[in-house]
Structures are given as structure tokens and as C-alpha cells.
>>> print(open('structure_19.txt').read())   # compact mmCIF, C-alpha atoms
# COMPACT_ATOMS: atom_id res chain seq x y z
CA MET D 695 121.54 97.14 112.15
CA ILE D 696 119.29 95.73 109.42
CA GLY D 697 118.10 99.23 108.53
CA THR D 698 121.70 100.36 107.99
CA GLN D 699 122.41 97.35 105.82
CA ILE D 700 119.32 98.00 103.69
CA GLY D 701 120.34 101.63 103.31
CA ASN D 702 123.76 100.61 102.03
CA VAL D 703 122.21 98.12 99.63
CA LEU D 704 119.83 100.74 98.24
CA LYS D 705 122.77 103.06 97.53
CA LYS D 706 124.46 100.29 95.58
CA VAL D 707 121.21 99.57 93.71
CA THR D 708 121.01 103.20 92.64
CA ARG D 709 124.53 103.03 91.25
CA VAL D 710 123.79 99.85 89.33
CA LEU D 711 120.56 101.22 87.85
CA SER D 712 122.26 104.49 86.89
CA ARG D 713 124.62 102.47 84.72
CA MET D 714 121.73 100.63 83.07
CA SER D 715 122.28 100.54 79.33
CA THR D 716 120.90 98.95 76.21
CA ARG D 717 123.70 96.41 76.06
CA GLN D 718 122.60 93.13 74.54
CA ALA D 719 124.02 89.73 73.75
CA VAL D 720 122.94 86.95 71.43
CA VAL D 721 122.18 83.70 73.24
CA ARG D 722 122.51 80.36 71.46
CA THR D 723 120.49 77.73 73.31
CA LYS D 724 120.71 73.97 73.06
CA ASP D 725 118.67 72.49 70.24
CA TYR D 726 115.07 71.80 71.16
CA LYS D 727 113.59 68.36 70.63
CA LEU D 728 110.21 68.30 68.94
CA HIS D 729 107.27 65.92 68.80
CA GLY D 730 104.45 66.40 66.28
CA LEU D 731 105.81 69.77 65.18
CA ASN D 732 107.50 70.90 61.96
CA GLU D 733 109.25 73.80 63.65
CA GLY D 734 110.09 74.78 67.19
CA PRO D 735 111.39 77.65 69.32
CA ASN D 736 114.18 79.83 67.99
CA THR D 737 117.58 78.70 69.26
CA CYS D 738 118.96 82.23 68.91
CA ALA D 739 117.65 84.92 71.23
CA THR D 740 118.70 88.40 72.28
CA LEU D 741 119.27 88.93 75.99
CA GLY D 742 119.44 92.52 77.19
CA ARG D 743 121.20 93.74 80.32
CA HIS D 744 117.95 94.66 82.07
CA ASP D 745 116.36 91.24 81.57
CA ALA D 746 119.61 89.43 82.39
CA LEU D 747 119.92 91.16 85.76
CA LYS D 748 116.21 90.71 86.43
CA TYR D 749 116.38 86.95 85.84
CA TYR D 750 119.58 86.68 87.85
CA HIS D 751 118.03 88.55 90.77
CA GLN D 752 114.92 86.36 90.73
CA MET D 753 116.93 83.15 90.62
CA GLN D 754 119.28 84.24 93.40
CA ALA D 755 116.33 85.36 95.52
CA ILE D 756 114.60 81.99 95.10
CA ARG D 757 117.82 80.11 95.87
CA TYR D 758 118.46 82.09 99.02
CA MET D 759 114.80 81.98 100.10
CA GLU D 760 114.68 78.21 99.78
CA ASN D 761 117.91 77.76 101.73
CA ARG D 762 116.61 80.02 104.50
CA ILE D 763 113.24 78.24 104.60
CA GLU D 764 114.99 74.91 105.08
CA SER D 765 116.92 76.34 108.03
CA ILE D 766 113.96 77.84 109.94
CA THR D 767 111.22 75.22 109.78
CA ASN D 768 110.66 71.64 110.87
CA ASN D 769 107.59 71.41 108.65
CA ILE D 770 107.78 69.27 105.52
CA VAL D 771 108.85 71.48 102.61
CA HIS D 772 109.70 70.61 99.01
CA LEU D 773 112.38 72.98 97.73
CA CYS D 774 113.19 73.92 94.14
CA ILE D 775 116.93 74.47 94.61
CA GLY D 776 118.46 73.78 91.19
CA GLN D 777 115.19 74.32 89.33
CA GLU D 778 115.08 78.13 89.51
CA ALA D 779 115.45 78.59 85.75
CA CYS D 780 112.19 76.71 85.21
CA CYS D 781 109.91 79.05 87.13
CA VAL D 782 111.77 82.23 86.14
CA GLY D 783 111.90 81.27 82.46
CA VAL D 784 108.27 80.16 82.23
CA GLN D 785 107.10 83.33 83.97
CA ALA D 786 109.15 85.43 81.53
CA GLY D 787 107.45 83.73 78.59
CA LEU D 788 103.85 84.18 79.80
CA LYS D 789 101.50 87.15 80.06
CA VAL D 790 100.27 88.53 83.35
CA ASN D 791 96.70 87.20 82.94
CA ASP D 792 97.80 83.66 82.10
CA THR D 793 97.28 81.27 84.97
CA ILE D 794 99.77 78.83 86.45
CA ILE D 795 98.61 75.77 88.40
CA GLY D 796 101.48 74.64 90.60
CA SER D 797 102.60 71.36 92.09
CA TYR D 798 103.83 70.86 95.65
CA ARG D 799 107.28 72.30 94.80
CA ASN D 800 105.81 75.75 94.43
CA HIS D 801 107.66 78.41 96.46
CA GLY D 802 109.67 79.71 93.50
CA TRP D 803 106.63 79.75 91.25
CA SER D 804 104.66 81.78 93.75
CA TYR D 805 107.54 84.23 94.08
CA VAL D 806 107.87 84.92 90.34
CA ARG D 807 104.11 85.42 90.10
CA GLY D 808 104.41 88.30 92.56
CA THR D 809 103.74 86.84 96.00
CA PRO D 810 105.84 88.65 98.62
CA VAL D 811 108.48 86.53 100.34
CA ARG D 812 107.00 87.43 103.71
CA THR D 813 103.64 86.01 102.62
CA ILE D 814 105.21 82.80 101.35
CA VAL D 815 107.24 82.23 104.50
CA ALA D 816 104.32 83.18 106.75
CA GLU D 817 102.18 80.52 105.08
CA ILE D 818 104.88 77.90 105.58
CA LEU D 819 105.18 78.86 109.25
CA GLY D 820 101.41 78.82 109.82
CA ARG D 821 101.10 82.57 110.31
CA LYS D 822 97.96 84.60 109.88
CA THR D 823 99.64 86.76 107.21
CA GLY D 824 100.29 83.77 104.94
CA SER D 825 98.71 83.46 101.51
CA CYS D 826 96.09 81.07 102.94
CA GLY D 827 96.11 82.52 106.43
CA GLY D 828 98.58 79.85 107.53
CA ARG D 829 96.06 77.06 106.95
CA GLY D 830 97.61 75.45 103.91
CA GLY D 831 101.33 75.45 104.52
CA SER D 832 104.13 74.85 102.07
CA LYS D 833 102.01 73.26 99.34
CA HIS D 834 99.53 76.14 99.16
CA CYS D 835 101.57 79.31 98.64
CA ILE D 836 99.06 80.81 96.23
CA GLY D 837 99.62 84.14 94.49
CA PRO D 838 98.42 86.39 91.66
CA ASN D 839 97.07 84.05 88.97
CA PHE D 840 99.02 81.26 90.65
CA TYR D 841 97.11 78.41 92.20
CA ALA D 842 99.07 76.02 94.41
CA ILE D 843 96.28 73.53 94.98
CA GLN D 844 98.30 70.36 95.47
CA THR D 845 96.69 67.59 97.48
CA ALA D 846 98.10 64.32 98.74
CA ILE D 847 97.29 62.84 95.33
CA VAL D 848 100.25 63.26 92.97
CA GLY D 849 99.18 64.97 89.75
CA ALA D 850 95.76 66.04 91.07
CA GLN D 851 96.38 69.59 89.90
CA VAL D 852 96.53 68.62 86.22
CA PRO D 853 92.75 68.24 85.60
CA VAL D 854 92.21 71.54 87.42
CA GLY D 855 94.56 73.23 84.96
CA ALA D 856 92.42 71.89 82.12
CA GLY D 857 89.36 73.31 83.87
CA PHE D 858 90.95 76.75 83.83
CA ALA D 859 91.72 76.34 80.12
CA PHE D 860 88.11 75.25 79.45
CA ALA D 861 86.79 78.35 81.20
CA MET D 862 89.17 80.59 79.25
CA LYS D 863 88.10 79.14 75.92
CA TYR D 864 84.39 79.57 76.59
CA SER D 865 84.55 83.01 78.17
CA ALA D 866 85.77 86.45 77.24
CA CYS D 867 89.35 85.48 78.16
CA ARG D 868 90.10 84.23 74.65
CA ASP D 869 93.74 85.37 74.70
CA ASP D 870 94.59 83.87 78.09
CA ILE D 871 96.08 80.41 78.52
CA SER D 872 96.45 77.94 81.36
CA THR D 873 99.80 76.48 82.39
CA VAL D 874 99.93 73.47 84.67
CA ILE D 875 103.14 72.29 86.34
CA LEU D 876 103.88 68.64 87.07
CA GLY D 877 106.94 66.51 87.66
CA ASP D 878 108.32 63.41 85.99
CA GLY D 879 106.77 61.30 88.76
CA ALA D 880 103.30 62.70 88.18
CA ALA D 881 103.69 62.11 84.45
CA ASN D 882 102.85 58.42 85.04
CA GLN D 883 99.54 59.12 86.78
CA GLY D 884 96.28 58.07 85.13
CA GLN D 885 94.44 61.37 85.60
CA VAL D 886 97.18 63.10 83.61
CA TYR D 887 96.34 61.06 80.53
CA GLU D 888 92.61 61.53 81.02
CA THR D 889 93.34 65.25 81.01
CA PHE D 890 95.52 64.96 77.89
CA ASN D 891 92.61 63.28 76.15
CA MET D 892 90.03 65.89 77.14
CA ALA D 893 92.38 68.78 76.36
CA ALA D 894 92.98 67.41 72.85
CA LEU D 895 89.30 66.65 72.24
CA TRP D 896 88.25 70.15 73.29
CA ASN D 897 91.27 71.91 71.81
CA LEU D 898 92.05 73.65 75.10
CA PRO D 899 94.65 76.45 75.42
CA ILE D 900 96.91 74.75 77.97
CA ILE D 901 100.63 74.11 78.36
CA PHE D 902 101.53 70.98 80.31
CA VAL D 903 104.94 71.82 81.79
CA ILE D 904 106.77 68.70 82.96
CA GLU D 905 109.73 69.51 85.22
CA ASN D 906 111.90 66.45 84.72
CA ASN D 907 114.35 66.73 87.62
CA GLN D 908 115.54 63.14 87.09
CA TYR D 909 114.00 61.70 90.26
CA GLY D 910 110.46 60.96 91.36
CA LYS D 911 111.14 61.25 95.07
CA SER D 912 113.92 58.63 95.32
CA MET D 913 113.23 56.80 92.06
CA PRO D 914 115.35 57.62 88.97
CA VAL D 915 113.25 58.23 85.87
CA SER D 916 114.97 55.35 84.07
CA ARG D 917 113.58 52.91 86.64
CA ALA D 918 110.09 54.41 86.81
CA SER D 919 109.24 55.25 83.19
CA ALA D 920 109.36 53.03 80.13
CA ASN D 921 109.41 56.19 78.00
CA THR D 922 111.60 58.92 79.49
CA ASP D 923 110.94 61.31 76.58
CA PHE D 924 108.16 63.05 78.45
CA TYR D 925 107.55 65.60 75.71
CA THR D 926 106.27 62.74 73.53
CA ARG D 927 103.92 61.34 76.17
CA GLY D 928 100.86 63.10 74.80
CA GLY D 929 100.99 61.07 71.58
CA TYR D 930 98.42 63.16 69.72
CA ILE D 931 99.52 66.31 71.59
CA PRO D 932 102.63 68.08 70.24
CA GLY D 933 105.60 68.45 72.55
CA VAL D 934 108.84 70.37 73.05
CA TRP D 935 111.96 69.44 75.03
CA ALA D 936 114.07 72.28 76.43
CA ASP D 937 117.13 72.63 78.63
CA GLY D 938 115.59 73.48 81.99
CA MET D 939 118.90 74.76 83.38
CA ASP D 940 119.04 77.61 80.83
CA VAL D 941 116.59 80.38 81.73
CA VAL D 942 116.67 81.84 78.21
CA ALA D 943 115.95 78.46 76.63
CA VAL D 944 113.00 78.01 79.00
CA LYS D 945 111.68 81.48 78.15
CA GLN D 946 111.98 80.89 74.40
CA ALA D 947 110.26 77.51 74.65
CA THR D 948 107.46 78.94 76.80
CA MET D 949 106.85 81.80 74.37
CA PHE D 950 106.64 79.31 71.51
CA CYS D 951 104.20 77.08 73.40
CA ALA D 952 102.11 80.06 74.52
CA ASP D 953 101.84 81.35 70.96
CA PHE D 954 100.86 77.85 69.85
CA CYS D 955 97.99 77.80 72.35
CA ARG D 956 96.87 81.38 71.69
CA SER D 957 96.62 80.68 67.97
CA GLY D 958 93.90 78.10 68.62
CA LYS D 959 96.00 75.00 67.96
CA GLY D 960 95.14 73.40 71.28
CA PRO D 961 97.30 71.89 74.04
CA ILE D 962 101.04 71.34 74.02
CA ILE D 963 103.56 69.63 76.31
CA LEU D 964 106.78 71.33 77.41
CA GLU D 965 109.39 69.13 79.08
CA LEU D 966 112.06 71.01 81.03
CA HIS D 967 115.12 68.86 81.61
CA THR D 968 116.40 70.01 84.98
CA TYR D 969 117.94 68.73 88.21
CA ARG D 970 117.12 69.26 91.86
CA HIS D 971 120.15 69.95 94.00
CA SER D 972 118.13 69.61 97.18
CA SER D 973 116.59 66.43 98.51
CA HIS D 974 113.01 65.53 97.63
CA ALA D 975 111.90 67.10 100.92
CA ASN D 976 113.60 68.03 104.15
CA PHE D 977 112.84 64.61 105.66
CA ASP D 978 114.69 62.87 102.81
CA PRO D 979 118.30 61.88 103.66
CA ASP D 980 119.12 61.88 99.94
CA ILE D 981 121.98 59.40 100.30
CA SER D 982 120.40 56.10 99.30
CA TYR D 983 119.59 56.80 95.65
CA ARG D 984 122.26 59.18 94.34
CA THR D 985 125.88 59.79 95.19
CA LYS D 986 127.55 62.84 96.63
CA GLU D 987 129.78 62.89 93.54
CA GLU D 988 126.75 63.12 91.25
CA ARG D 989 125.30 66.07 93.15
CA GLU D 990 128.61 67.90 93.27
CA LEU D 991 129.22 67.35 89.55
CA MET D 992 125.80 68.75 88.64
CA TYR D 993 126.34 71.72 90.92
CA ARG D 994 129.74 72.51 89.39
CA THR D 995 128.75 72.07 85.76
CA ARG D 996 124.99 72.57 85.42
CA ASP D 997 123.82 74.94 88.15
CA PRO D 998 121.35 77.40 86.51
CA VAL D 999 122.33 80.38 88.68
CA MET D 1000 126.02 79.85 88.01
CA LEU D 1001 125.44 79.39 84.26
CA LEU D 1002 123.53 82.66 83.97
CA ARG D 1003 126.09 84.50 86.11
CA GLU D 1004 128.95 83.30 83.91
CA TYR D 1005 127.07 84.21 80.74
CA ILE D 1006 126.34 87.73 81.98
CA GLN D 1007 129.98 88.33 82.83
CA HIS D 1008 131.37 86.70 79.69
CA ASN D 1009 129.17 88.86 77.43
CA GLY D 1010 129.77 92.12 79.28
CA LEU D 1011 126.19 92.57 80.43
CA ALA D 1012 127.38 93.25 83.99
CA ASN D 1013 130.61 93.02 85.92
CA LEU D 1014 131.38 91.14 89.12
CA GLU D 1015 130.75 94.16 91.35
CA GLU D 1016 127.29 94.69 89.88
CA LEU D 1017 126.39 91.03 90.28
CA GLU D 1018 127.50 91.14 93.89
CA VAL D 1019 125.18 94.11 94.40
CA VAL D 1020 122.32 92.03 93.00
CA ASP D 1021 123.27 89.23 95.39
CA SER D 1022 123.17 91.69 98.30
CA ILE D 1023 119.77 93.00 97.26
CA ALA D 1024 118.31 89.51 97.05
CA LYS D 1025 119.73 88.34 100.36
CA SER D 1026 118.83 91.50 102.27
CA ASN D 1027 115.25 91.46 101.02
CA ILE D 1028 114.86 87.80 101.93
CA ASP D 1029 116.37 88.27 105.40
CA VAL D 1030 114.08 91.20 106.22
CA ALA D 1031 110.98 89.37 104.94
CA ILE D 1032 111.74 86.18 106.86
CA GLU D 1033 112.44 88.04 110.09
CA ALA D 1034 109.10 89.82 109.75
CA ALA D 1035 107.23 86.58 108.98
CA GLN D 1036 108.67 84.84 112.01
CA PHE D 1037 107.13 87.46 114.28
CA ASP D 1038 103.75 87.54 112.53
CA PRO D 1039 100.83 86.21 114.62
CA VAL D 1040 99.58 82.66 114.25
CA GLN D 1041 96.03 81.99 113.13
CA PRO D 1042 93.61 82.05 116.11
CA LEU D 1043 92.35 78.60 117.00
CA ASP D 1044 88.72 79.74 116.64
CA ASP D 1045 89.35 80.59 112.98
CA LEU D 1046 91.14 77.46 111.86
CA TYR D 1047 87.99 75.63 110.77
CA ARG D 1048 86.59 78.58 108.81
CA HIS D 1049 86.62 78.93 105.00
CA CYS D 1050 85.74 75.28 104.46
CA TYR D 1051 82.30 76.40 103.22
CA HIS D 1052 80.97 79.63 101.80
CA GLY D 1053 80.10 81.95 104.66
CA ASN D 1054 81.04 81.42 108.30
CA TYR D 1055 79.58 77.98 108.81
CA GLU D 1056 81.24 75.97 111.51
CA VAL D 1057 82.64 72.51 110.88
CA ARG D 1058 81.18 70.04 113.35
CA GLY D 1059 83.74 68.67 115.78
CA CYS D 1060 86.25 71.42 115.11
CA ARG D 1061 85.33 73.83 117.87
CA PRO D 1062 88.22 74.36 120.29
CA ARG D 1063 86.18 72.94 123.16
CA ASN D 1064 85.91 69.65 121.27
CA ILE D 1065 89.67 69.22 121.11
CA HIS D 1066 90.83 66.63 123.62
CA ARG D 1067 94.37 65.77 124.55
CA CYS D 1068 95.40 62.17 124.87
CA SER D 1069 96.98 61.44 128.24
>>> encode(input="structure_19.txt", output="C-alpha cells")
Amino acid sequence: MIGTQIGNVLKKVTRVLSRMSTRQAVVRTKDYKLHGLNEGPNTCATLGRHDALKYYHQMQAIRYMENRIESITNNIVHLCIGQEACCVGVQAGLKVNDTIIGSYRNHGWSYVRGTPVRTIVAEILGRKTGSCGGRGGSKHCIGPNFYAIQTAIVGAQVPVGAGFAFAMKYSACRDDISTVILGDGAANQGQVYETFNMAALWNLPIIFVIENNQYGKSMPVSRASANTDFYTRGGYIPGVWADGMDVVAVKQATMFCADFCRSGKGPIILELHTYRHSSHANFDPDISYRTKEERELMYRTRDPVMLLREYIQHNGLANLEELEVVDSIAKSNIDVAIEAAQFDPVQPLDDLYRHCYHGNYEVRGCRPRNIHRCS
């Protein structure tokens, strides 16, 4: 049955691609807010049909993948539903050798960096075929030049991102830059400001991307931060504010920030003003700190997938039938990948303690025979 469905989808894909043209539209983004800069990203950009459909496909795939993940696992997962334009736009503005250091909300980021959906889902489900062999879980869906190294310490990935930038500056990778992702909650952590200081002192090629989704877990930013203009938080580090619900605005801002770093001007902060439709995590009831009316209003008026879909149609870059084909492609690919991941083998118990040290050294107390059940 699935094979027949995929065959039908592929026929539709062929028809869509055969009608691929050089059609373009001029996008006018919201004005960017600047800190410590005389000029910022261009608010006018050209969006071609090919890129428009590519971004739309990626965002729909992430949306559907996240919804499916939530439905198949009881593990704790942090979903990026509503924030798809952030990862798709940033990826579009970077080069392939640039690194991204992710936070715990990393599934979408791993996907746009090229990690197969099956590998992402397998990691979440603890399967041997996962990106970390099923050992890391949802917070460690690593991929090509994407490092999801989140620990239980909020913001712990930020100094690591500076380490990557330091290595790039003092090696042959002079044109590569580091991009580290953090949220508005992590923006109040002390190690973030220590990293800001070192990055400015050493003039490191790093973009600090702050995904401001309005809530640090259940805490609104207005109650947690004395200064909610996160793009100004670096003080001596320049910053840019961009509409994180507009994939083109995110791409333009990322390209500007990347060029800033590549030109030897040092670090820069990019705040993406976004909104998470989903709860903080799947254990979060999401009813005590925001209303149903607020969520529904944001979904109707500011959903990034819907906004891009409407723009594509309004500007004649694709019609409704073609967009529905893209939807079918995304959903079919996700369904097939998830079904495969669910039947992948789990990591053998004997191997779970491996890879803690270089080589095959055993971790004392972790042999299967040392595992005791409490009666």
C-alpha cells in the first residue's frame, strides 16, 4: 500500500518539476532592528520558485515530522512546531562547511542540515540506527556539521560554539563560521555572557542566534528578562532583530550576519522573534501560562508555514495543486521513514556503556551483570 502511494507521489513530483520555471517575486520583509550597526540586512529580496518550494517543503516536512514524533513516543521531546522558519532560514543563509551548535529543540535543525528523518526518529526511539546509536535521545540528533550537544545545563552549548569559532580562526578554515543556537531563557545564563566577552576579545567568527519564542518553558519573557531586546544583550557585540516567522527575512538576516563574521569583524547576535505553537515539551500541559485564544490567534495570523504558502500562491510562484503535491511528498517521506525507524533494532545492552572513552574501555559498574532490579 505504501509503495503504491509513493509511486503516485513520485509521478506528481515529476509533473511539478517539469513545470519548474524561473519565475521570481520580490519579497519585502519587516524592518530589521539594529544594535551597534550603521546598516543592516536588505529588506527587499528576490524569491525564486525553486527556492520557495524548497523552503515550503522543508518547513512542511519538519511540521509533520514533529507532529508524528509527538504521537509515537512517551520520551521527553522538545518540538519546534511554529519555529520552522528559523532553522530553514538560517540554513539557507549559511554555507555547507559552517557549523551549527544546537540547543535541546533540535530536530528541525538536524533535518535541514541533512540528517535523514529515519535517523532522527531512530535516535529519539533509542534505536541502533540513530545518529548517536540511540544513546543520546531527542537532545542529541546530531548531523552533518550540526552538533546537538545539549546537556541538562541550559545554555551549556554556547561556550562550545565559541570553541568551534576559535578553532576556525586559528586553522585553515578561515572562511568558515560557527553558529550557536540558544533560546530566550538561556539568554539570561552567566556562561552566555562569559562567551560573549571571550568572543569579542578574540574577534571570533560566530553568530549567536537567539530564538525568542516568547516563553522560557512556562515563563513569559516579560517576567524573566529586564531587557527583552535580546539583540542588544551583547552590549559591545553588534546585533540584529529579525522576524522569525518569515523564512526569507531569516535568510536575509543570516546572510548579513555571516558576511559580517567572514569579513573579520568578529561576533554578532541575531535575535529571531518567533513563537512556539507546541508546548515546551510533551509533559507540559501548556494551559497554566497562556490561553487557548492566544495560541489560536498566533496560529491563524502568524504561522510561518501558512505565511509562506499564502505568499507563494499570491505571487504566482506555485498554484494550490502544486503545493498539495509538495505536502504529499513531505508527508509520505516522513511516514515511510518513521515506519522504518520503529522497526529498527534497539542498541544491545552490552554496547550501551561504550563510547564514553576513546577505544572500547568498559565503564565500571555498567556491565549487564551488575544491573540489579529492585523488588
>>> closest_atom_pairs(input="structure_19.txt", of="region 935-1043 of chain D", to="region 822-838 of chain D", cutoff="6 Å", atoms="all atoms listed in the file", output="JSON lines")
{"residue": "D:Pro1039", "atom": "CA", "partner": "D:Lys822", "partner_atom": "CA", "distance": 5.8}
{"residue": "D:Val1040", "atom": "CA", "partner": "D:Lys822", "partner_atom": "CA", "distance": 5.0}
{"residue": "D:Gln1041", "atom": "CA", "partner": "D:Lys822", "partner_atom": "CA", "distance": 4.6}
>>> atom_distance(input="structure_19.txt", atom1="CA of Arg807 (chain D)", atom2="CA of Ala746 (chain D)")
17.8 Å
>>> closest_residue(input="structure_19.txt", among="D:Ala866, D:Ile843, D:Phe954, D:Ile875", to="Leu898 (chain D)", atoms="all atoms listed in the file")
D:Phe954
>>> closest_atom_pairs(input="structure_19.txt", of="region 736-811 of chain D", to="region 844-854 of chain D", cutoff="10 Å", atoms="all atoms listed in the file", output="CSV")
residue,atom,partner,partner_atom,distance
D:Ile795,CA,D:Gln851,CA,6.7
D:Gly796,CA,D:Gln851,CA,7.2
D:Ser797,CA,D:Gln844,CA,5.6
D:Tyr798,CA,D:Gln844,CA,5.6
D:Arg799,CA,D:Gln844,CA,9.2
D:Asn800,CA,D:Gln844,CA,9.3
>>> closest_residue(input="structure_19.txt", among="D:Ala861, D:Val784, D:Val815, D:Leu741", to="Ala1035 (chain D)", atoms="all atoms listed in the file")
D:Val815
>>> residues_around(input="structure_19.txt", residues="Glu778 (chain D)", least_positions_apart="6", cutoff="8 Å", atoms="all atoms listed in the file", output="ChimeraX atom specification")
/D:753,756-757,802,939,998-999
>>> atom_distance(input="structure_19.txt", atom1="CA of Ile871 (chain D)", atom2="CA of Asp792 (chain D)")
5.1 Å
>>> closest_atom_pairs(input="structure_19.txt", of="region 950-1046 of chain D", to="region 919-927 of chain D", cutoff="7 Å", atoms="all atoms listed in the file", output="tab-separated table")
residue	atom	partner	partner_atom	distance
D:Ile963	CA	D:Tyr925	CA	5.7
D:Leu964	CA	D:Tyr925	CA	6.0
D:Glu965	CA	D:Tyr925	CA	5.2
>>> closest_residue(input="structure_19.txt", among="D:Thr873, D:Asn791, D:Asn732, D:Thr740", to="Ala943 (chain D)", atoms="all atoms listed in the file")
D:Thr740
>>> atom_distance(input="structure_19.txt", atom1="CA of Pro979 (chain D)", atom2="CA of Ser912 (chain D)")
10.0 Å
>>> closest_residue(input="structure_19.txt", among="D:Ala1034, D:Ala719, D:Leu1043, D:Ala856", to="Ile900 (chain D)", atoms="all atoms listed in the file")
D:Ala856
>>> closest_residue(input="structure_19.txt", among="D:Val874, D:Val886, D:Leu747, D:Ala894", to="Glu1018 (chain D)", atoms="only C-alpha atoms")
D:Leu747
>>> closest_residue(input="structure_19.txt", among="D:Val915, D:Cys780, D:Leu819, D:Val720", to="His1008 (chain D)", atoms="all atoms listed in the file")
D:Val720
>>> residues_around(input="structure_19.txt", residues="Gly742 (chain D)", least_positions_apart="6", cutoff="8 Å", atoms="only C-alpha atoms", output="list in words")
Thr716, Arg717, Gln718, Ala719 and Leu1011 of chain D
>>> residues_around(input="structure_19.txt", residues="Lys945 (chain D)", least_positions_apart="2", cutoff="6 Å", atoms="all atoms listed in the file", output="ChimeraX atom specification")
/D:783-784,786-787,942-943,947-948
>>> decode(input="structure_19.txt", residues="region 706-783 of chain D", atoms="C-alpha atoms", output="PDB file, in the first residue's frame")
ATOM      1  CA  LYS D 706       3.130  14.100  -9.175  1.00  0.00           C
ATOM      2  CA  VAL D 707       6.652  15.277  -8.267  1.00  0.00           C
ATOM      3  CA  THR D 708       7.763  14.717 -11.855  1.00  0.00           C
ATOM      4  CA  ARG D 709       4.901  16.860 -13.122  1.00  0.00           C
ATOM      5  CA  VAL D 710       5.706  19.654 -10.694  1.00  0.00           C
ATOM      6  CA  LEU D 711       9.408  19.644 -11.547  1.00  0.00           C
ATOM      7  CA  SER D 712       8.660  19.597 -15.277  1.00  0.00           C
ATOM      8  CA  ARG D 713       6.834  22.884 -14.821  1.00  0.00           C
ATOM      9  CA  MET D 714       9.769  24.391 -12.929  1.00  0.00           C
ATOM     10  CA  SER D 715      10.450  27.868 -14.246  1.00  0.00           C
ATOM     11  CA  THR D 716      12.486  30.937 -13.488  1.00  0.00           C
ATOM     12  CA  ARG D 717       9.521  32.753 -12.003  1.00  0.00           C
ATOM     13  CA  GLN D 718      10.513  35.149  -9.253  1.00  0.00           C
ATOM     14  CA  ALA D 719       8.893  37.542  -6.832  1.00  0.00           C
ATOM     15  CA  VAL D 720      10.209  40.457  -4.803  1.00  0.00           C
ATOM     16  CA  VAL D 721       9.807  39.973  -1.060  1.00  0.00           C
ATOM     17  CA  ARG D 722       9.541  42.963   1.271  1.00  0.00           C
ATOM     18  CA  THR D 723      10.407  41.891   4.809  1.00  0.00           C
ATOM     19  CA  LYS D 724       9.677  43.671   8.054  1.00  0.00           C
ATOM     20  CA  ASP D 725      12.257  46.267   9.004  1.00  0.00           C
ATOM     21  CA  TYR D 726      15.205  44.874  10.907  1.00  0.00           C
ATOM     22  CA  LYS D 727      16.209  46.361  14.236  1.00  0.00           C
ATOM     23  CA  LEU D 728      19.892  47.086  14.646  1.00  0.00           C
ATOM     24  CA  HIS D 729      22.300  47.461  17.542  1.00  0.00           C
ATOM     25  CA  GLY D 730      25.821  48.825  17.034  1.00  0.00           C
ATOM     26  CA  LEU D 731      25.446  48.782  13.251  1.00  0.00           C
ATOM     27  CA  ASN D 732      25.092  51.575  10.698  1.00  0.00           C
ATOM     28  CA  GLU D 733      23.384  49.340   8.165  1.00  0.00           C
ATOM     29  CA  GLY D 734      21.612  46.014   8.241  1.00  0.00           C
ATOM     30  CA  PRO D 735      20.169  43.296   6.013  1.00  0.00           C
ATOM     31  CA  ASN D 736      18.343  44.256   2.840  1.00  0.00           C
ATOM     32  CA  THR D 737      14.583  44.401   3.369  1.00  0.00           C
ATOM     33  CA  CYS D 738      13.977  43.626  -0.314  1.00  0.00           C
ATOM     34  CA  ALA D 739      14.877  40.182  -1.605  1.00  0.00           C
ATOM     35  CA  THR D 740      14.116  38.117  -4.685  1.00  0.00           C
ATOM     36  CA  LEU D 741      12.473  34.753  -4.077  1.00  0.00           C
ATOM     37  CA  GLY D 742      12.502  32.294  -6.958  1.00  0.00           C
ATOM     38  CA  ARG D 743      10.050  29.457  -7.485  1.00  0.00           C
ATOM     39  CA  HIS D 744      12.661  26.764  -6.856  1.00  0.00           C
ATOM     40  CA  ASP D 745      13.753  28.199  -3.507  1.00  0.00           C
ATOM     41  CA  ALA D 746      10.173  28.967  -2.471  1.00  0.00           C
ATOM     42  CA  LEU D 747       9.074  25.363  -2.995  1.00  0.00           C
ATOM     43  CA  LYS D 748      12.243  24.066  -1.358  1.00  0.00           C
ATOM     44  CA  TYR D 749      11.671  26.139   1.795  1.00  0.00           C
ATOM     45  CA  TYR D 750       7.994  25.229   1.845  1.00  0.00           C
ATOM     46  CA  HIS D 751       8.794  21.525   1.548  1.00  0.00           C
ATOM     47  CA  GLN D 752      11.359  21.696   4.355  1.00  0.00           C
ATOM     48  CA  MET D 753       9.008  23.552   6.670  1.00  0.00           C
ATOM     49  CA  GLN D 754       6.092  21.214   5.981  1.00  0.00           C
ATOM     50  CA  ALA D 755       8.342  18.188   6.480  1.00  0.00           C
ATOM     51  CA  ILE D 756       9.549  19.500   9.850  1.00  0.00           C
ATOM     52  CA  ARG D 757       5.998  20.335  10.936  1.00  0.00           C
ATOM     53  CA  TYR D 758       4.700  16.900  10.031  1.00  0.00           C
ATOM     54  CA  MET D 759       7.744  15.122  11.476  1.00  0.00           C
ATOM     55  CA  GLU D 760       7.354  16.889  14.808  1.00  0.00           C
ATOM     56  CA  ASN D 761       3.646  16.099  14.989  1.00  0.00           C
ATOM     57  CA  ARG D 762       4.327  12.440  14.230  1.00  0.00           C
ATOM     58  CA  ILE D 763       7.149  12.257  16.785  1.00  0.00           C
ATOM     59  CA  GLU D 764       4.831  13.579  19.474  1.00  0.00           C
ATOM     60  CA  SER D 765       2.305  10.858  18.652  1.00  0.00           C
ATOM     61  CA  ILE D 766       4.689   7.871  18.738  1.00  0.00           C
ATOM     62  CA  THR D 767       6.873   8.402  21.791  1.00  0.00           C
ATOM     63  CA  ASN D 768       6.471   8.740  25.537  1.00  0.00           C
ATOM     64  CA  ASN D 769      10.019  10.064  25.830  1.00  0.00           C
ATOM     65  CA  ILE D 770      10.508  13.733  26.660  1.00  0.00           C
ATOM     66  CA  VAL D 771      10.799  15.686  23.409  1.00  0.00           C
ATOM     67  CA  HIS D 772      11.036  19.422  22.761  1.00  0.00           C
ATOM     68  CA  LEU D 773       9.331  20.239  19.465  1.00  0.00           C
ATOM     69  CA  CYS D 774       9.884  23.238  17.195  1.00  0.00           C
ATOM     70  CA  ILE D 775       6.325  23.491  15.843  1.00  0.00           C
ATOM     71  CA  GLY D 776       5.895  27.156  14.909  1.00  0.00           C
ATOM     72  CA  GLN D 777       9.629  27.811  14.687  1.00  0.00           C
ATOM     73  CA  GLU D 778      10.289  26.106  11.337  1.00  0.00           C
ATOM     74  CA  ALA D 779      11.228  29.339   9.562  1.00  0.00           C
ATOM     75  CA  CYS D 780      14.142  29.792  11.958  1.00  0.00           C
ATOM     76  CA  CYS D 781      16.025  26.618  11.109  1.00  0.00           C
ATOM     77  CA  VAL D 782      15.115  26.660   7.405  1.00  0.00           C
ATOM     78  CA  GLY D 783      16.035  30.328   7.002  1.00  0.00           C
TER      79      GLY D 783
END
